[in-house]
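The structure appears right after this line, and notes come after that.
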Amino acid sequence: MASLASRLRTASRRVPRITNKVVSKPVNAASYSLLARSAITASAPCRTATFQSVRGVKTLDFAGSQEVVYERSDWPLARLQDYFKNDTLALIGYGSQGHGQGLNARDNGLNVIVGVRENGESWKQAQEDGWVPGETLFPIEEAIKRGTVIMNLLSDAAQSSTWPTLAPLITKGKTLYFSHGFSIVYKEDTKVVPPPDVDVILVAPKGSGRTVRTLFKEGRGINSSIAVWQDVTGKAKEKATALGVAIGSGYMYETTFEKEVYSDLYGERGVLMGGIQGMFLAQYKVLRENGHSPSEAFNETVEEATQSLFPLIGAKGMDYMYNACSTTARRGALDWAPVFEAANRPIFEKLYKSVRDGTETRKALEFNGRSTYREDLARELKEIDGQEIWRAGKTVRSLRPDYKP
């Protein structure tokens, strides 16, 4: 059997504390943790206090559908630390999500260790972030042995290729944690089948690991979904909610592993990434073919969207953005929106089917599991970077008053 280190190579693609004892440390105003900062202005209950368990739970109306939402207000810092006082969170993988979630949980005062391939690039990055070899930074197998909550944040392809080595280490009583339903839902392709005697839970932040960290440092918090695949202890959902707060979530909503991965893969390939690149490019090319300059085409396609209109949608919705525009712009948008919906609906239906039947999963596993993965990806991204629209964009961005190279 190939070593774990070789499997990871193929797939690729400060608190010095490893005991299960909570170590009290002073809370100061410079802490990134909003929970810690809140503890400054309120007398935090002692670690043995009885905490109300429904304070931050709400049932809200989402367009006529009643859904339960869990808020971090139910988990003040003292309660969070008390809940995990006998646990060690073993963060496996230190990519985008590992970096953000690990640092946030550490700043919230929990016992966190990191497990990555020794002396690899992630090992070096973890050291730069203050994780100490032999204290809070370990080879993967050692971290899993020491941990009680195993947070598998390796890439999807790496989770699949390393599972034969990792699975025997996920022993009875541990909790197996994911931030994506990919490996579990598509187990026929990934071969990731959890042991029957452990809780299996999911906390999926709705954004990149970088955003998870940035919003946490701003005191805001990202929204996340939570799910339970296997509940052995009867406390899996409570554990998922607590971990969601620990890693920096502002609020969480319930889903299933299946719905999380279907919506996630669908959204990334659709309007969040693939679809938006396709529409940007199509509009830009038509403008250029009709004699518009690169700067004008970029401004009317990307710059106005990202700098002016999209923030309005994010703040108060589509109708708010429409109302902020001219009467001529509103009329044209209202007339053409149904045309674009009709044209795109068949594409989105085809995309969802491709996600649900596993086609997208198999494509991702094949590509991301190549030994030439990094080189192949770099070549494709270089092609995008070299497209005229994005070359023009670099010059446009340099003209912004707040531009930073």
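Chains: A, B, ... in order of the structure tokens. Residues: from 1 per chain. Ligands: from 1, in order shown.
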At most 12 Å is the cut-off: for each residue in region 309-397 of chain A with any atom that close to an atom of region 257-260 of chain A, write down the nearest atom pair and the distance in Å rounded to one decimal, counting only C-alpha atoms, chain first then increasing number, as JSON lines.
```
{"residue": "A:Tyr352", "atom": "CA", "partner": "A:Lys259", "partner_atom": "CA", "distance": 11.5}
{"residue": "A:Val355", "atom": "CA", "partner": "A:Glu258", "partner_atom": "CA", "distance": 10.8}
{"residue": "A:Arg356", "atom": "CA", "partner": "A:Glu258", "partner_atom": "CA", "distance": 8.9}
{"residue": "A:Asp357", "atom": "CA", "partner": "A:Glu258", "partner_atom": "CA", "distance": 11.7}
{"residue": "A:Gly358", "atom": "CA", "partner": "A:Glu258", "partner_atom": "CA", "distance": 11.6}
```
Can you tell me, as a PyMOL selection string, what residues are no more than 8 Å from Arg72 (chain A) when counting only C-alpha atoms, ignoring any on the same chain fewer than 6 positions away?
-> chain A and resi 56+245+249-251
Keeping N, CA and C atoms for every residue in the selection just given, could you write it to a file as a PDB file, in the first residue's frame?
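And here is the file that came out, result-v7.pdb:
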```pdb
ATOM      1  N   GLY A  56     -30.251  30.981  20.988  1.00  0.00           N
ATOM      2  CA  GLY A  56     -29.961  31.462  19.653  1.00  0.00           C
ATOM      3  C   GLY A  56     -30.679  30.722  18.545  1.00  0.00           C
ATOM      4  N   VAL A 245     -20.103  27.449  15.374  1.00  0.00           N
ATOM      5  CA  VAL A 245     -19.752  28.696  16.057  1.00  0.00           C
ATOM      6  C   VAL A 245     -18.248  28.767  16.281  1.00  0.00           C
ATOM      7  N   SER A 249     -18.806  30.776  12.393  1.00  0.00           N
ATOM      8  CA  SER A 249     -20.109  31.024  11.769  1.00  0.00           C
ATOM      9  C   SER A 249     -20.908  32.040  12.580  1.00  0.00           C
ATOM     10  N   GLY A 250     -21.622  32.913  11.873  1.00  0.00           N
ATOM     11  CA  GLY A 250     -22.525  33.847  12.532  1.00  0.00           C
ATOM     12  C   GLY A 250     -23.879  33.215  12.763  1.00  0.00           C
ATOM     13  N   TYR A 251     -24.341  32.453  11.774  1.00  0.00           N
ATOM     14  CA  TYR A 251     -25.566  31.673  11.940  1.00  0.00           C
ATOM     15  C   TYR A 251     -25.480  30.449  11.044  1.00  0.00           C
TER      16      TYR A 251
END
```
Residues of region 29-254 of chain A in strand (DSSP E) according to DSSP, as a ChimeraX atom specification?
-> /A:57-62,65-71,89-92,112-115,137-138,149-152,175-178,199-205,222-230,249-254
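Near Asp264 (chain A), within a cut-off of 10 Å and counting only C-alpha atoms, sit the residues His180, Gly181, Phe182, Ala204, Lys206, Glu258, Lys259, Glu260, Val261, Gly267, Glu268, Arg269, Gly270, Leu272 and Val355 of chain A, with same-chain residues fewer than 3 positions away left out.
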For the residues in the current selection, export C-alpha atoms as a PDB file, in the first residue's frame.
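Below is the file that was written, again-v2.pdb:
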```pdb
ATOM      1  CA  HIS A 180     -18.417  19.243   2.215  1.00  0.00           C
ATOM      2  CA  GLY A 181     -20.739  16.297   1.578  1.00  0.00           C
ATOM      3  CA  PHE A 182     -18.754  15.193  -1.477  1.00  0.00           C
ATOM      4  CA  ALA A 204     -20.148  23.895   5.491  1.00  0.00           C
ATOM      5  CA  LYS A 206     -20.867  29.402   2.525  1.00  0.00           C
ATOM      6  CA  GLU A 258     -26.838  15.275  -0.112  1.00  0.00           C
ATOM      7  CA  LYS A 259     -28.435  18.702  -0.463  1.00  0.00           C
ATOM      8  CA  GLU A 260     -25.249  20.447   0.619  1.00  0.00           C
ATOM      9  CA  VAL A 261     -23.105  18.825  -2.026  1.00  0.00           C
ATOM     10  CA  GLY A 267     -23.760  26.794  -7.605  1.00  0.00           C
ATOM     11  CA  GLU A 268     -20.013  26.769  -8.298  1.00  0.00           C
ATOM     12  CA  ARG A 269     -20.535  25.591 -11.847  1.00  0.00           C
ATOM     13  CA  GLY A 270     -23.459  27.983 -12.261  1.00  0.00           C
ATOM     14  CA  LEU A 272     -21.104  31.691  -8.680  1.00  0.00           C
ATOM     15  CA  VAL A 355     -24.218  16.993 -10.457  1.00  0.00           C
TER      16      VAL A 355
END
```
One-decimal distance in Å that lies between CA of Val232 (chain A) and CA of Gly95 (chain A) =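 Answer for the CA of Gly95 (chain A) to CA of Val232 (chain A) separation: 29.2 Å.
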Per residue of region 236-271 of chain A within 7 Å of region 220-228 of chain A, what are the shortest atom pair and its distance in Å to one decimal, counting only C-alpha atoms, with rows by chain and residue number, as JSON lines?
```
{"residue": "A:Ala236", "atom": "CA", "partner": "A:Val228", "partner_atom": "CA", "distance": 6.5}
{"residue": "A:Lys237", "atom": "CA", "partner": "A:Val228", "partner_atom": "CA", "distance": 6.2}
{"residue": "A:Ala240", "atom": "CA", "partner": "A:Ile226", "partner_atom": "CA", "distance": 6.3}
{"residue": "A:Thr241", "atom": "CA", "partner": "A:Ile226", "partner_atom": "CA", "distance": 6.9}
{"residue": "A:Gly248", "atom": "CA", "partner": "A:Gly221", "partner_atom": "CA", "distance": 5.4}
{"residue": "A:Ser249", "atom": "CA", "partner": "A:Ile222", "partner_atom": "CA", "distance": 4.8}
{"residue": "A:Gly250", "atom": "CA", "partner": "A:Gly221", "partner_atom": "CA", "distance": 4.3}
{"residue": "A:Tyr251", "atom": "CA", "partner": "A:Asn223", "partner_atom": "CA", "distance": 5.1}
{"residue": "A:Met252", "atom": "CA", "partner": "A:Ser224", "partner_atom": "CA", "distance": 4.8}
{"residue": "A:Tyr253", "atom": "CA", "partner": "A:Ser225", "partner_atom": "CA", "distance": 4.9}
{"residue": "A:Glu254", "atom": "CA", "partner": "A:Ile226", "partner_atom": "CA", "distance": 5.1}
{"residue": "A:Thr255", "atom": "CA", "partner": "A:Ala227", "partner_atom": "CA", "distance": 5.4}
{"residue": "A:Thr256", "atom": "CA", "partner": "A:Ala227", "partner_atom": "CA", "distance": 5.0}
{"residue": "A:Phe257", "atom": "CA", "partner": "A:Ala227", "partner_atom": "CA", "distance": 6.0}
```
Per residue of region 139-193 of chain A within 9 Å of region 97-113 of chain A, note the shortest atom pair and the distance in Å to one decimal, counting only C-alpha atoms, and order the rows by chain and increasing residue number, as JSON lines.
```
{"residue": "A:Ala143", "atom": "CA", "partner": "A:Ile113", "partner_atom": "CA", "distance": 6.9}
{"residue": "A:Arg146", "atom": "CA", "partner": "A:Ile113", "partner_atom": "CA", "distance": 8.6}
{"residue": "A:Gly147", "atom": "CA", "partner": "A:Ile113", "partner_atom": "CA", "distance": 7.8}
{"residue": "A:Met151", "atom": "CA", "partner": "A:Gly98", "partner_atom": "CA", "distance": 8.7}
{"residue": "A:Asn152", "atom": "CA", "partner": "A:Gly98", "partner_atom": "CA", "distance": 8.8}
{"residue": "A:Leu153", "atom": "CA", "partner": "A:Gly98", "partner_atom": "CA", "distance": 5.9}
{"residue": "A:Leu154", "atom": "CA", "partner": "A:Gly98", "partner_atom": "CA", "distance": 8.0}
{"residue": "A:Ser179", "atom": "CA", "partner": "A:Gln97", "partner_atom": "CA", "distance": 8.2}
```
May I have all residues of region 198-322 of chain A that DSSP, computed from the backbone, assigns to alpha helix (DSSP H), given as number ranges by chain?
-> A: 209-217, 236-246, 257-269, 274-289, 294-298, 304, 310-316, 318-322
Please, could you write that set of residues out with C-alpha atoms as a PDB file, in the first residue's frame?
```pdb
ATOM      1  CA  GLY A 209     -11.686  29.685   3.770  1.00  0.00           C
ATOM      2  CA  ARG A 210     -10.202  33.122   3.269  1.00  0.00           C
ATOM      3  CA  THR A 211     -13.664  34.652   3.707  1.00  0.00           C
ATOM      4  CA  VAL A 212     -14.268  32.501   6.793  1.00  0.00           C
ATOM      5  CA  ARG A 213     -11.176  34.042   8.373  1.00  0.00           C
ATOM      6  CA  THR A 214     -11.740  37.609   7.159  1.00  0.00           C
ATOM      7  CA  LEU A 215     -15.344  37.832   8.395  1.00  0.00           C
ATOM      8  CA  PHE A 216     -14.322  36.335  11.733  1.00  0.00           C
ATOM      9  CA  LYS A 217     -11.592  38.939  12.177  1.00  0.00           C
ATOM     10  CA  ALA A 236     -24.379  14.985  16.776  1.00  0.00           C
ATOM     11  CA  LYS A 237     -26.491  18.001  15.778  1.00  0.00           C
ATOM     12  CA  GLU A 238     -25.620  19.894  18.955  1.00  0.00           C
ATOM     13  CA  LYS A 239     -21.957  19.152  18.318  1.00  0.00           C
ATOM     14  CA  ALA A 240     -22.222  20.370  14.727  1.00  0.00           C
ATOM     15  CA  THR A 241     -23.857  23.610  15.865  1.00  0.00           C
ATOM     16  CA  ALA A 242     -21.175  24.232  18.486  1.00  0.00           C
ATOM     17  CA  LEU A 243     -18.402  23.537  15.990  1.00  0.00           C
ATOM     18  CA  GLY A 244     -20.072  25.881  13.529  1.00  0.00           C
ATOM     19  CA  VAL A 245     -19.752  28.696  16.057  1.00  0.00           C
ATOM     20  CA  ALA A 246     -16.215  27.628  16.967  1.00  0.00           C
ATOM     21  CA  PHE A 257     -25.133  15.926   3.236  1.00  0.00           C
ATOM     22  CA  GLU A 258     -26.838  15.275  -0.112  1.00  0.00           C
ATOM     23  CA  LYS A 259     -28.435  18.702  -0.463  1.00  0.00           C
ATOM     24  CA  GLU A 260     -25.249  20.447   0.619  1.00  0.00           C
ATOM     25  CA  VAL A 261     -23.105  18.825  -2.026  1.00  0.00           C
ATOM     26  CA  TYR A 262     -25.732  19.075  -4.788  1.00  0.00           C
ATOM     27  CA  SER A 263     -26.301  22.797  -4.194  1.00  0.00           C
ATOM     28  CA  ASP A 264     -22.591  23.481  -3.730  1.00  0.00           C
ATOM     29  CA  LEU A 265     -21.375  21.814  -6.925  1.00  0.00           C
ATOM     30  CA  TYR A 266     -24.336  23.239  -8.840  1.00  0.00           C
ATOM     31  CA  GLY A 267     -23.760  26.794  -7.605  1.00  0.00           C
ATOM     32  CA  GLU A 268     -20.013  26.769  -8.298  1.00  0.00           C
ATOM     33  CA  ARG A 269     -20.535  25.591 -11.847  1.00  0.00           C
ATOM     34  CA  GLY A 274     -18.698  29.000 -14.252  1.00  0.00           C
ATOM     35  CA  GLY A 275     -21.867  30.746 -15.341  1.00  0.00           C
ATOM     36  CA  ILE A 276     -20.688  34.234 -14.463  1.00  0.00           C
ATOM     37  CA  GLN A 277     -17.400  33.782 -16.325  1.00  0.00           C
ATOM     38  CA  GLY A 278     -19.320  32.539 -19.347  1.00  0.00           C
ATOM     39  CA  MET A 279     -21.789  35.458 -19.320  1.00  0.00           C
ATOM     40  CA  PHE A 280     -19.074  38.046 -18.702  1.00  0.00           C
ATOM     41  CA  LEU A 281     -17.073  36.682 -21.618  1.00  0.00           C
ATOM     42  CA  ALA A 282     -20.041  36.459 -24.006  1.00  0.00           C
ATOM     43  CA  GLN A 283     -21.155  40.043 -23.333  1.00  0.00           C
ATOM     44  CA  TYR A 284     -17.611  41.399 -23.571  1.00  0.00           C
ATOM     45  CA  LYS A 285     -16.922  39.662 -26.883  1.00  0.00           C
ATOM     46  CA  VAL A 286     -20.122  41.003 -28.482  1.00  0.00           C
ATOM     47  CA  LEU A 287     -19.221  44.539 -27.404  1.00  0.00           C
ATOM     48  CA  ARG A 288     -15.716  44.185 -28.837  1.00  0.00           C
ATOM     49  CA  GLU A 289     -17.030  42.745 -32.114  1.00  0.00           C
ATOM     50  CA  PRO A 294     -11.545  47.102 -24.218  1.00  0.00           C
ATOM     51  CA  SER A 295     -11.926  49.629 -21.406  1.00  0.00           C
ATOM     52  CA  GLU A 296     -15.541  50.398 -22.303  1.00  0.00           C
ATOM     53  CA  ALA A 297     -16.427  46.743 -22.773  1.00  0.00           C
ATOM     54  CA  PHE A 298     -14.888  45.799 -19.426  1.00  0.00           C
ATOM     55  CA  GLU A 304     -20.052  48.315 -13.049  1.00  0.00           C
ATOM     56  CA  PHE A 310     -23.788  43.611  -7.165  1.00  0.00           C
ATOM     57  CA  PRO A 311     -23.123  45.296  -3.788  1.00  0.00           C
ATOM     58  CA  LEU A 312     -26.631  46.795  -3.962  1.00  0.00           C
ATOM     59  CA  ILE A 313     -28.125  43.334  -4.556  1.00  0.00           C
ATOM     60  CA  GLY A 314     -26.127  41.987  -1.634  1.00  0.00           C
ATOM     61  CA  ALA A 315     -27.269  44.807   0.618  1.00  0.00           C
ATOM     62  CA  LYS A 316     -31.017  44.888  -0.047  1.00  0.00           C
ATOM     63  CA  MET A 318     -32.616  42.812  -6.727  1.00  0.00           C
ATOM     64  CA  ASP A 319     -35.561  45.213  -6.643  1.00  0.00           C
ATOM     65  CA  TYR A 320     -33.474  47.646  -4.598  1.00  0.00           C
ATOM     66  CA  MET A 321     -30.751  47.548  -7.224  1.00  0.00           C
ATOM     67  CA  TYR A 322     -33.300  48.072 -10.011  1.00  0.00           C
TER      68      TYR A 322
END
```
